[in-house]
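Engineer: Structure provided below as structure tokens; questions to follow.
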Amino acid sequence: MTISINDVSYRIGERELFSHLTFHCEPGKMIALAGPSGSGKTTLLSIAGLLLPPTSGSVSLGHLQRWSRHNRRAFWKDQAAFIYQDYGIIEQEKVIYNVTFHHHLHATDAQRLADILVSVGLQGKENERAISLSGGEKQRVGIARALWKKARYIFADEPTASLDAGNREIVTSLLRKAADDGACILVSTHDENLIAACDQVVRLE
């Protein structure tokens, strides 16, 4: 289903971060929320992900426009994943736990995890503690978590900001592939290469 941002505005006190924004993210598309620091990219990402109510306007998913606490909880439990700029992982835990939130898996699930780790370039690292990973590897753990969850909606907050050029390219290609496989991807970024990989750009000034 399509996420629709309908005439959305957001104000903090007397300051209006953005106003009257309307756009849609369909399955299979990747949209960049672009702009300088402080322009409201992360705020808009949170609004699109139903984590923050807008000052005015609405967010709809398909025909659903009214969001109860139960609806939001079910959306994040069953359909959505968030990829954090600061990786969002538990560094003292192993990769297997950071991806699946389980310490042990049955054989079928263990093979599925292994396949996902291969796809993100982390093959064989199931039992490594996250603290030993590089920044690029930690960010790819976040992407692996979204793939493990089979997330149909992925919200990524500056996912390449802390990475070197090689890892930025890897993360960009993984997000692009997730979109090509049918996910709806919303990414806040000022990375022009990541922006170029997107299907649409919403610029905040």
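All residue names refer to the structure tokens as shown: chains lettered A, B, ... in order, residues numbered from 1 in each chain, ligands numbered from 1 in order.
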In region 3-199 of chain A, what's alpha helix (DSSP H) per DSSP? Answer as a PyMOL selection string?
Structural biologist: chain A and resi 41-48+69-78+95-100+107-119+135-148+165-180+192-196
Engineer: Would you pick out the contacts of Ser39 (chain A) at 6 Å or less, using only C-alpha atoms, so that residues sharing its chain but fewer than 3 positions from it are not included, and give the list as a ChimeraX atom specification?
Structural biologist: /A:36,204-205
Engineer: Identify all residues of chain A in strand (DSSP E or B) (DSSP on the backbone) and supply them as a PDB file with N, CA, C and O atoms, in the first residue's frame.
Structural biologist:
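See result_29.pdb below for the written result:
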```pdb
ATOM      1  N   ILE A   3       2.113   4.959   1.026  1.00  0.00           N
ATOM      2  CA  ILE A   3       2.121   5.952   2.099  1.00  0.00           C
ATOM      3  C   ILE A   3       1.888   7.315   1.458  1.00  0.00           C
ATOM      4  O   ILE A   3       2.612   7.699   0.529  1.00  0.00           O
ATOM      5  N   SER A   4       0.880   8.031   1.930  1.00  0.00           N
ATOM      6  CA  SER A   4       0.557   9.347   1.385  1.00  0.00           C
ATOM      7  C   SER A   4       0.725  10.415   2.451  1.00  0.00           C
ATOM      8  O   SER A   4       0.156  10.311   3.540  1.00  0.00           O
ATOM      9  N   ILE A   5       1.531  11.408   2.134  1.00  0.00           N
ATOM     10  CA  ILE A   5       1.713  12.584   2.979  1.00  0.00           C
ATOM     11  C   ILE A   5       0.815  13.665   2.407  1.00  0.00           C
ATOM     12  O   ILE A   5       1.023  14.128   1.278  1.00  0.00           O
ATOM     13  N   ASN A   6      -0.190  14.065   3.166  1.00  0.00           N
ATOM     14  CA  ASN A   6      -1.252  14.913   2.644  1.00  0.00           C
ATOM     15  C   ASN A   6      -1.245  16.292   3.286  1.00  0.00           C
ATOM     16  O   ASN A   6      -1.673  16.453   4.432  1.00  0.00           O
ATOM     17  N   ASP A   7      -0.711  17.292   2.572  1.00  0.00           N
ATOM     18  CA  ASP A   7      -0.734  18.689   3.007  1.00  0.00           C
ATOM     19  C   ASP A   7      -0.179  18.844   4.423  1.00  0.00           C
ATOM     20  O   ASP A   7      -0.753  19.532   5.271  1.00  0.00           O
ATOM     21  N   VAL A   8       0.963  18.209   4.675  1.00  0.00           N
ATOM     22  CA  VAL A   8       1.532  18.154   6.019  1.00  0.00           C
ATOM     23  C   VAL A   8       2.392  19.378   6.323  1.00  0.00           C
ATOM     24  O   VAL A   8       3.209  19.804   5.497  1.00  0.00           O
ATOM     25  N   SER A   9       2.201  19.929   7.508  1.00  0.00           N
ATOM     26  CA  SER A   9       3.028  21.018   8.031  1.00  0.00           C
ATOM     27  C   SER A   9       3.481  20.653   9.432  1.00  0.00           C
ATOM     28  O   SER A   9       2.829  19.868  10.130  1.00  0.00           O
ATOM     29  N   TYR A  10       4.598  21.255   9.848  1.00  0.00           N
ATOM     30  CA  TYR A  10       5.074  21.012  11.214  1.00  0.00           C
ATOM     31  C   TYR A  10       5.710  22.276  11.757  1.00  0.00           C
ATOM     32  O   TYR A  10       6.547  22.899  11.102  1.00  0.00           O
ATOM     33  N   ARG A  11       5.293  22.621  12.958  1.00  0.00           N
ATOM     34  CA  ARG A  11       5.768  23.834  13.610  1.00  0.00           C
ATOM     35  C   ARG A  11       6.301  23.503  14.995  1.00  0.00           C
ATOM     36  O   ARG A  11       5.723  22.696  15.722  1.00  0.00           O
ATOM     37  N   ILE A  12       7.430  24.107  15.362  1.00  0.00           N
ATOM     38  CA  ILE A  12       7.972  24.033  16.721  1.00  0.00           C
ATOM     39  C   ILE A  12       7.936  25.440  17.288  1.00  0.00           C
ATOM     40  O   ILE A  12       8.725  26.300  16.882  1.00  0.00           O
ATOM     41  N   ARG A  15       8.479  28.579  15.075  1.00  0.00           N
ATOM     42  CA  ARG A  15       9.244  28.213  13.887  1.00  0.00           C
ATOM     43  C   ARG A  15       8.533  27.128  13.095  1.00  0.00           C
ATOM     44  O   ARG A  15       8.201  26.069  13.623  1.00  0.00           O
ATOM     45  N   GLU A  16       8.301  27.402  11.830  1.00  0.00           N
ATOM     46  CA  GLU A  16       7.695  26.404  10.953  1.00  0.00           C
ATOM     47  C   GLU A  16       8.802  25.703  10.181  1.00  0.00           C
ATOM     48  O   GLU A  16       9.528  26.330   9.404  1.00  0.00           O
ATOM     49  N   LEU A  17       8.956  24.401  10.414  1.00  0.00           N
ATOM     50  CA  LEU A  17      10.004  23.645   9.730  1.00  0.00           C
ATOM     51  C   LEU A  17       9.674  23.443   8.256  1.00  0.00           C
ATOM     52  O   LEU A  17      10.537  23.586   7.384  1.00  0.00           O
ATOM     53  N   PHE A  18       8.427  23.087   7.976  1.00  0.00           N
ATOM     54  CA  PHE A  18       7.980  22.913   6.592  1.00  0.00           C
ATOM     55  C   PHE A  18       6.466  23.041   6.580  1.00  0.00           C
ATOM     56  O   PHE A  18       5.807  22.934   7.627  1.00  0.00           O
ATOM     57  N   SER A  19       5.924  23.284   5.395  1.00  0.00           N
ATOM     58  CA  SER A  19       4.477  23.492   5.314  1.00  0.00           C
ATOM     59  C   SER A  19       3.913  22.953   4.008  1.00  0.00           C
ATOM     60  O   SER A  19       4.577  22.960   2.966  1.00  0.00           O
ATOM     61  N   HIS A  20       2.705  22.430   4.105  1.00  0.00           N
ATOM     62  CA  HIS A  20       1.889  22.019   2.963  1.00  0.00           C
ATOM     63  C   HIS A  20       2.625  21.053   2.029  1.00  0.00           C
ATOM     64  O   HIS A  20       2.612  21.205   0.811  1.00  0.00           O
ATOM     65  N   LEU A  21       3.255  20.051   2.615  1.00  0.00           N
ATOM     66  CA  LEU A  21       3.947  19.039   1.820  1.00  0.00           C
ATOM     67  C   LEU A  21       2.977  17.913   1.451  1.00  0.00           C
ATOM     68  O   LEU A  21       2.251  17.402   2.306  1.00  0.00           O
ATOM     69  N   THR A  22       2.987  17.549   0.194  1.00  0.00           N
ATOM     70  CA  THR A  22       2.187  16.432  -0.283  1.00  0.00           C
ATOM     71  C   THR A  22       3.044  15.574  -1.205  1.00  0.00           C
ATOM     72  O   THR A  22       3.629  16.092  -2.160  1.00  0.00           O
ATOM     73  N   PHE A  23       3.169  14.298  -0.889  1.00  0.00           N
ATOM     74  CA  PHE A  23       3.850  13.361  -1.776  1.00  0.00           C
ATOM     75  C   PHE A  23       3.436  11.941  -1.396  1.00  0.00           C
ATOM     76  O   PHE A  23       2.805  11.718  -0.360  1.00  0.00           O
ATOM     77  N   HIS A  24       3.793  10.987  -2.242  1.00  0.00           N
ATOM     78  CA  HIS A  24       3.370   9.605  -2.048  1.00  0.00           C
ATOM     79  C   HIS A  24       4.564   8.680  -2.253  1.00  0.00           C
ATOM     80  O   HIS A  24       5.387   8.907  -3.136  1.00  0.00           O
ATOM     81  N   CYS A  25       4.651   7.640  -1.416  1.00  0.00           N
ATOM     82  CA  CYS A  25       5.685   6.618  -1.586  1.00  0.00           C
ATOM     83  C   CYS A  25       4.997   5.281  -1.857  1.00  0.00           C
ATOM     84  O   CYS A  25       4.348   4.725  -0.980  1.00  0.00           O
ATOM     85  N   MET A  30      11.837   4.493  -3.977  1.00  0.00           N
ATOM     86  CA  MET A  30      12.701   5.054  -2.935  1.00  0.00           C
ATOM     87  C   MET A  30      12.667   6.572  -3.055  1.00  0.00           C
ATOM     88  O   MET A  30      12.960   7.119  -4.120  1.00  0.00           O
ATOM     89  N   ILE A  31      12.291   7.227  -1.981  1.00  0.00           N
ATOM     90  CA  ILE A  31      12.156   8.678  -1.970  1.00  0.00           C
ATOM     91  C   ILE A  31      13.160   9.271  -1.001  1.00  0.00           C
ATOM     92  O   ILE A  31      13.302   8.821   0.137  1.00  0.00           O
ATOM     93  N   ALA A  32      13.864  10.309  -1.453  1.00  0.00           N
ATOM     94  CA  ALA A  32      14.820  11.023  -0.614  1.00  0.00           C
ATOM     95  C   ALA A  32      14.172  12.265  -0.028  1.00  0.00           C
ATOM     96  O   ALA A  32      13.519  13.039  -0.749  1.00  0.00           O
ATOM     97  N   LEU A  33      14.342  12.445   1.270  1.00  0.00           N
ATOM     98  CA  LEU A  33      13.996  13.694   1.941  1.00  0.00           C
ATOM     99  C   LEU A  33      15.308  14.438   2.102  1.00  0.00           C
ATOM    100  O   LEU A  33      16.152  14.045   2.914  1.00  0.00           O
ATOM    101  N   ALA A  34      15.519  15.461   1.309  1.00  0.00           N
ATOM    102  CA  ALA A  34      16.830  16.097   1.205  1.00  0.00           C
ATOM    103  C   ALA A  34      16.777  17.536   1.697  1.00  0.00           C
ATOM    104  O   ALA A  34      15.745  18.204   1.622  1.00  0.00           O
ATOM    105  N   SER A  56      -0.340  20.001  11.127  1.00  0.00           N
ATOM    106  CA  SER A  56      -1.557  19.963  10.315  1.00  0.00           C
ATOM    107  C   SER A  56      -1.321  19.011   9.156  1.00  0.00           C
ATOM    108  O   SER A  56      -0.190  18.662   8.829  1.00  0.00           O
ATOM    109  N   GLY A  57      -2.408  18.596   8.518  1.00  0.00           N
ATOM    110  CA  GLY A  57      -2.316  17.609   7.462  1.00  0.00           C
ATOM    111  C   GLY A  57      -2.445  16.204   8.018  1.00  0.00           C
ATOM    112  O   GLY A  57      -2.731  16.003   9.206  1.00  0.00           O
ATOM    113  N   SER A  58      -2.222  15.214   7.173  1.00  0.00           N
ATOM    114  CA  SER A  58      -2.416  13.826   7.601  1.00  0.00           C
ATOM    115  C   SER A  58      -1.488  12.892   6.838  1.00  0.00           C
ATOM    116  O   SER A  58      -0.932  13.235   5.798  1.00  0.00           O
ATOM    117  N   VAL A  59      -1.333  11.689   7.406  1.00  0.00           N
ATOM    118  CA  VAL A  59      -0.576  10.611   6.769  1.00  0.00           C
ATOM    119  C   VAL A  59      -1.521   9.421   6.628  1.00  0.00           C
ATOM    120  O   VAL A  59      -2.184   9.031   7.591  1.00  0.00           O
ATOM    121  N   SER A  60      -1.570   8.860   5.435  1.00  0.00           N
ATOM    122  CA  SER A  60      -2.447   7.707   5.227  1.00  0.00           C
ATOM    123  C   SER A  60      -1.656   6.553   4.623  1.00  0.00           C
ATOM    124  O   SER A  60      -0.668   6.750   3.921  1.00  0.00           O
ATOM    125  N   LEU A  61      -2.091   5.359   4.935  1.00  0.00           N
ATOM    126  CA  LEU A  61      -1.519   4.135   4.375  1.00  0.00           C
ATOM    127  C   LEU A  61      -2.660   3.402   3.701  1.00  0.00           C
ATOM    128  O   LEU A  61      -3.550   2.876   4.371  1.00  0.00           O
ATOM    129  N   LEU A  64      -6.349   3.734   5.050  1.00  0.00           N
ATOM    130  CA  LEU A  64      -6.367   3.984   6.485  1.00  0.00           C
ATOM    131  C   LEU A  64      -5.813   5.372   6.779  1.00  0.00           C
ATOM    132  O   LEU A  64      -4.659   5.674   6.475  1.00  0.00           O
ATOM    133  N   ALA A  80       7.084  -2.438   9.220  1.00  0.00           N
ATOM    134  CA  ALA A  80       8.033  -1.343   9.053  1.00  0.00           C
ATOM    135  C   ALA A  80       9.327  -1.569   9.819  1.00  0.00           C
ATOM    136  O   ALA A  80       9.360  -2.288  10.821  1.00  0.00           O
ATOM    137  N   ALA A  81      10.404  -0.949   9.328  1.00  0.00           N
ATOM    138  CA  ALA A  81      11.703  -0.992  10.000  1.00  0.00           C
ATOM    139  C   ALA A  81      12.355   0.382   9.890  1.00  0.00           C
ATOM    140  O   ALA A  81      12.143   1.101   8.913  1.00  0.00           O
ATOM    141  N   PHE A  82      13.151   0.722  10.908  1.00  0.00           N
ATOM    142  CA  PHE A  82      13.850   2.004  10.944  1.00  0.00           C
ATOM    143  C   PHE A  82      15.351   1.734  10.941  1.00  0.00           C
ATOM    144  O   PHE A  82      15.842   0.911  11.718  1.00  0.00           O
ATOM    145  N   ILE A  83      16.073   2.413  10.057  1.00  0.00           N
ATOM    146  CA  ILE A  83      17.530   2.313  10.008  1.00  0.00           C
ATOM    147  C   ILE A  83      18.094   3.628  10.529  1.00  0.00           C
ATOM    148  O   ILE A  83      17.822   4.691   9.975  1.00  0.00           O
ATOM    149  N   LYS A  94      25.767 -10.113  19.957  1.00  0.00           N
ATOM    150  CA  LYS A  94      26.252 -10.657  18.694  1.00  0.00           C
ATOM    151  C   LYS A  94      25.371 -10.182  17.531  1.00  0.00           C
ATOM    152  O   LYS A  94      24.246  -9.717  17.726  1.00  0.00           O
ATOM    153  N   ARG A 129      30.520 -10.126  17.982  1.00  0.00           N
ATOM    154  CA  ARG A 129      29.877  -9.057  18.741  1.00  0.00           C
ATOM    155  C   ARG A 129      29.912  -7.771  17.924  1.00  0.00           C
ATOM    156  O   ARG A 129      30.900  -7.459  17.254  1.00  0.00           O
ATOM    157  N   TYR A 153       8.085  -1.429   4.536  1.00  0.00           N
ATOM    158  CA  TYR A 153       8.295   0.015   4.634  1.00  0.00           C
ATOM    159  C   TYR A 153       9.577   0.229   5.432  1.00  0.00           C
ATOM    160  O   TYR A 153       9.675  -0.213   6.581  1.00  0.00           O
ATOM    161  N   ILE A 154      10.552   0.889   4.829  1.00  0.00           N
ATOM    162  CA  ILE A 154      11.834   1.112   5.485  1.00  0.00           C
ATOM    163  C   ILE A 154      12.084   2.607   5.564  1.00  0.00           C
ATOM    164  O   ILE A 154      12.041   3.319   4.549  1.00  0.00           O
ATOM    165  N   PHE A 155      12.341   3.084   6.778  1.00  0.00           N
ATOM    166  CA  PHE A 155      12.620   4.490   7.030  1.00  0.00           C
ATOM    167  C   PHE A 155      14.081   4.587   7.463  1.00  0.00           C
ATOM    168  O   PHE A 155      14.474   3.986   8.469  1.00  0.00           O
ATOM    169  N   ALA A 156      14.881   5.316   6.703  1.00  0.00           N
ATOM    170  CA  ALA A 156      16.320   5.378   6.959  1.00  0.00           C
ATOM    171  C   ALA A 156      16.730   6.824   7.214  1.00  0.00           C
ATOM    172  O   ALA A 156      16.513   7.693   6.371  1.00  0.00           O
ATOM    173  N   ASP A 157      17.331   7.057   8.375  1.00  0.00           N
ATOM    174  CA  ASP A 157      17.727   8.411   8.769  1.00  0.00           C
ATOM    175  C   ASP A 157      19.221   8.597   8.553  1.00  0.00           C
ATOM    176  O   ASP A 157      20.034   8.050   9.310  1.00  0.00           O
ATOM    177  N   CYS A 184       8.785  -0.018   0.129  1.00  0.00           N
ATOM    178  CA  CYS A 184       8.659   1.439   0.067  1.00  0.00           C
ATOM    179  C   CYS A 184       9.755   2.007   0.962  1.00  0.00           C
ATOM    180  O   CYS A 184       9.776   1.727   2.161  1.00  0.00           O
ATOM    181  N   ILE A 185      10.677   2.787   0.382  1.00  0.00           N
ATOM    182  CA  ILE A 185      11.830   3.298   1.114  1.00  0.00           C
ATOM    183  C   ILE A 185      11.748   4.810   1.213  1.00  0.00           C
ATOM    184  O   ILE A 185      11.642   5.505   0.198  1.00  0.00           O
ATOM    185  N   LEU A 186      11.812   5.330   2.435  1.00  0.00           N
ATOM    186  CA  LEU A 186      11.923   6.769   2.670  1.00  0.00           C
ATOM    187  C   LEU A 186      13.235   7.021   3.384  1.00  0.00           C
ATOM    188  O   LEU A 186      13.497   6.419   4.434  1.00  0.00           O
ATOM    189  N   VAL A 187      14.075   7.892   2.826  1.00  0.00           N
ATOM    190  CA  VAL A 187      15.399   8.107   3.390  1.00  0.00           C
ATOM    191  C   VAL A 187      15.682   9.603   3.525  1.00  0.00           C
ATOM    192  O   VAL A 187      15.493  10.365   2.575  1.00  0.00           O
ATOM    193  N   SER A 188      16.069  10.027   4.718  1.00  0.00           N
ATOM    194  CA  SER A 188      16.507  11.412   4.905  1.00  0.00           C
ATOM    195  C   SER A 188      18.009  11.455   4.669  1.00  0.00           C
ATOM    196  O   SER A 188      18.752  10.624   5.190  1.00  0.00           O
ATOM    197  N   THR A 189      18.452  12.421   3.868  1.00  0.00           N
ATOM    198  CA  THR A 189      19.868  12.422   3.501  1.00  0.00           C
ATOM    199  C   THR A 189      20.281  13.754   2.893  1.00  0.00           C
ATOM    200  O   THR A 189      19.451  14.499   2.367  1.00  0.00           O
ATOM    201  N   GLN A 200      12.472   9.752  -6.406  1.00  0.00           N
ATOM    202  CA  GLN A 200      11.878  11.068  -6.216  1.00  0.00           C
ATOM    203  C   GLN A 200      12.607  11.770  -5.096  1.00  0.00           C
ATOM    204  O   GLN A 200      13.122  11.118  -4.169  1.00  0.00           O
ATOM    205  N   VAL A 201      12.679  13.080  -5.157  1.00  0.00           N
ATOM    206  CA  VAL A 201      13.342  13.868  -4.115  1.00  0.00           C
ATOM    207  C   VAL A 201      12.353  14.906  -3.587  1.00  0.00           C
ATOM    208  O   VAL A 201      11.749  15.646  -4.364  1.00  0.00           O
ATOM    209  N   VAL A 202      12.205  14.941  -2.274  1.00  0.00           N
ATOM    210  CA  VAL A 202      11.439  15.995  -1.607  1.00  0.00           C
ATOM    211  C   VAL A 202      12.459  16.880  -0.917  1.00  0.00           C
ATOM    212  O   VAL A 202      13.140  16.446   0.024  1.00  0.00           O
ATOM    213  N   ARG A 203      12.617  18.108  -1.395  1.00  0.00           N
ATOM    214  CA  ARG A 203      13.668  18.989  -0.864  1.00  0.00           C
ATOM    215  C   ARG A 203      13.087  19.943   0.162  1.00  0.00           C
ATOM    216  O   ARG A 203      12.076  20.623  -0.083  1.00  0.00           O
TER     217      ARG A 203
END
```
Engineer: Pick out the residues sitting within 8 Å of Ala151 (chain A), and hand them over as an mmCIF file with N, CA, C and O atoms, in the first residue's frame; count only C-alpha atoms, and ignore anything fewer than 4 positions along from it in its own chain.
Structural biologist:
```
data_model
loop_
_atom_site.group_PDB
_atom_site.id
_atom_site.type_symbol
_atom_site.label_atom_id
_atom_site.label_comp_id
_atom_site.auth_asym_id
_atom_site.auth_seq_id
_atom_site.Cartn_x
_atom_site.Cartn_y
_atom_site.Cartn_z
ATOM 1 N N ASP A 78 4.834 -5.392 12.370
ATOM 2 C CA ASP A 78 4.653 -6.343 11.284
ATOM 3 C C ASP A 78 5.151 -5.870 9.918
ATOM 4 O O ASP A 78 5.432 -6.695 9.047
ATOM 5 N N GLN A 79 5.274 -4.549 9.728
ATOM 6 C CA GLN A 79 5.506 -4.079 8.361
ATOM 7 C C GLN A 79 6.683 -3.131 8.185
ATOM 8 O O GLN A 79 7.206 -3.017 7.067
ATOM 9 N N ALA A 80 7.084 -2.438 9.220
ATOM 10 C CA ALA A 80 8.033 -1.343 9.053
ATOM 11 C C ALA A 80 9.327 -1.569 9.819
ATOM 12 O O ALA A 80 9.360 -2.288 10.821
ATOM 13 N N ALA A 81 10.404 -0.949 9.328
ATOM 14 C CA ALA A 81 11.703 -0.992 10.000
ATOM 15 C C ALA A 81 12.355 0.382 9.890
ATOM 16 O O ALA A 81 12.143 1.101 8.913
ATOM 17 N N ALA A 146 16.148 -5.136 8.762
ATOM 18 C CA ALA A 146 14.954 -4.831 7.965
ATOM 19 C C ALA A 146 14.626 -5.979 7.021
ATOM 20 O O ALA A 146 13.451 -6.323 6.818
ATOM 21 N N LEU A 147 15.660 -6.596 6.434
ATOM 22 C CA LEU A 147 15.428 -7.730 5.531
ATOM 23 C C LEU A 147 14.911 -8.948 6.291
ATOM 24 O O LEU A 147 14.032 -9.669 5.815
ATOM 25 N N ALA A 183 9.832 -2.966 -1.649
ATOM 26 C CA ALA A 183 9.644 -2.187 -0.424
ATOM 27 C C ALA A 183 9.449 -0.712 -0.755
ATOM 28 O O ALA A 183 9.879 -0.224 -1.804
#
```
Engineer: Quote the spacing between CA of Gly136 (chain A) and CA of Leu163 (chain A) in Å to one decimal place.
Structural biologist: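 CA of Gly136 (chain A) sits 5.9 Å away from CA of Leu163 (chain A).
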Engineer: If we count only C-alpha atoms, what is near Asp180 (chain A) at a cut-off of 10 Å, once residues fewer than 5 positions away on the same chain are taken out, given as a PyMOL selection string?
Structural biologist: chain A and resi 27-30+174-175+185
Engineer: Can you spit out the residues from that selection as a JSON list (two decimals), in the first residue's frame, using C-alpha atoms?
Structural biologist:
```json
[["chain", "number", "residue", "atom", "x", "y", "z"],
["A", 27, "PRO", "CA", 5.82, 0.02, -3.06],
["A", 28, "GLY", "CA", 8.95, -0.39, -5.15],
["A", 29, "LYS", "CA", 9.96, 3.26, -4.87],
["A", 30, "MET", "CA", 12.70, 5.05, -2.93],
["A", 174, "LEU", "CA", 21.28, -2.36, -0.69],
["A", 175, "LEU", "CA", 18.52, 0.20, -0.15],
["A", 185, "ILE", "CA", 11.83, 3.30, 1.11]]
```
Engineer: Which is closest to Gln92 (chain A) among A:Ala165, A:Thr160, A:Asn127, A:Gly13, if we use only C-alpha atoms?
Structural biologist: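 Answer, going by the shortest atom-to-atom distance: A:Asn127.
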Engineer: Considering only C-alpha atoms, state which residue in the set A:Glu137, A:Glu14, A:Glu126, A:Asp164 is at the smallest distance from His102 (chain A).
Structural biologist: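 The shortest atom-to-atom distance to His102 (chain A) comes from A:Glu126.
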Engineer: Grab the CA of Ser37 (chain A) to CA of Gly49 (chain A) distance for me, in Å with one decimal place.
Structural biologist: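 Separating CA of Ser37 (chain A) from CA of Gly49 (chain A) is a distance of 19.8 Å.
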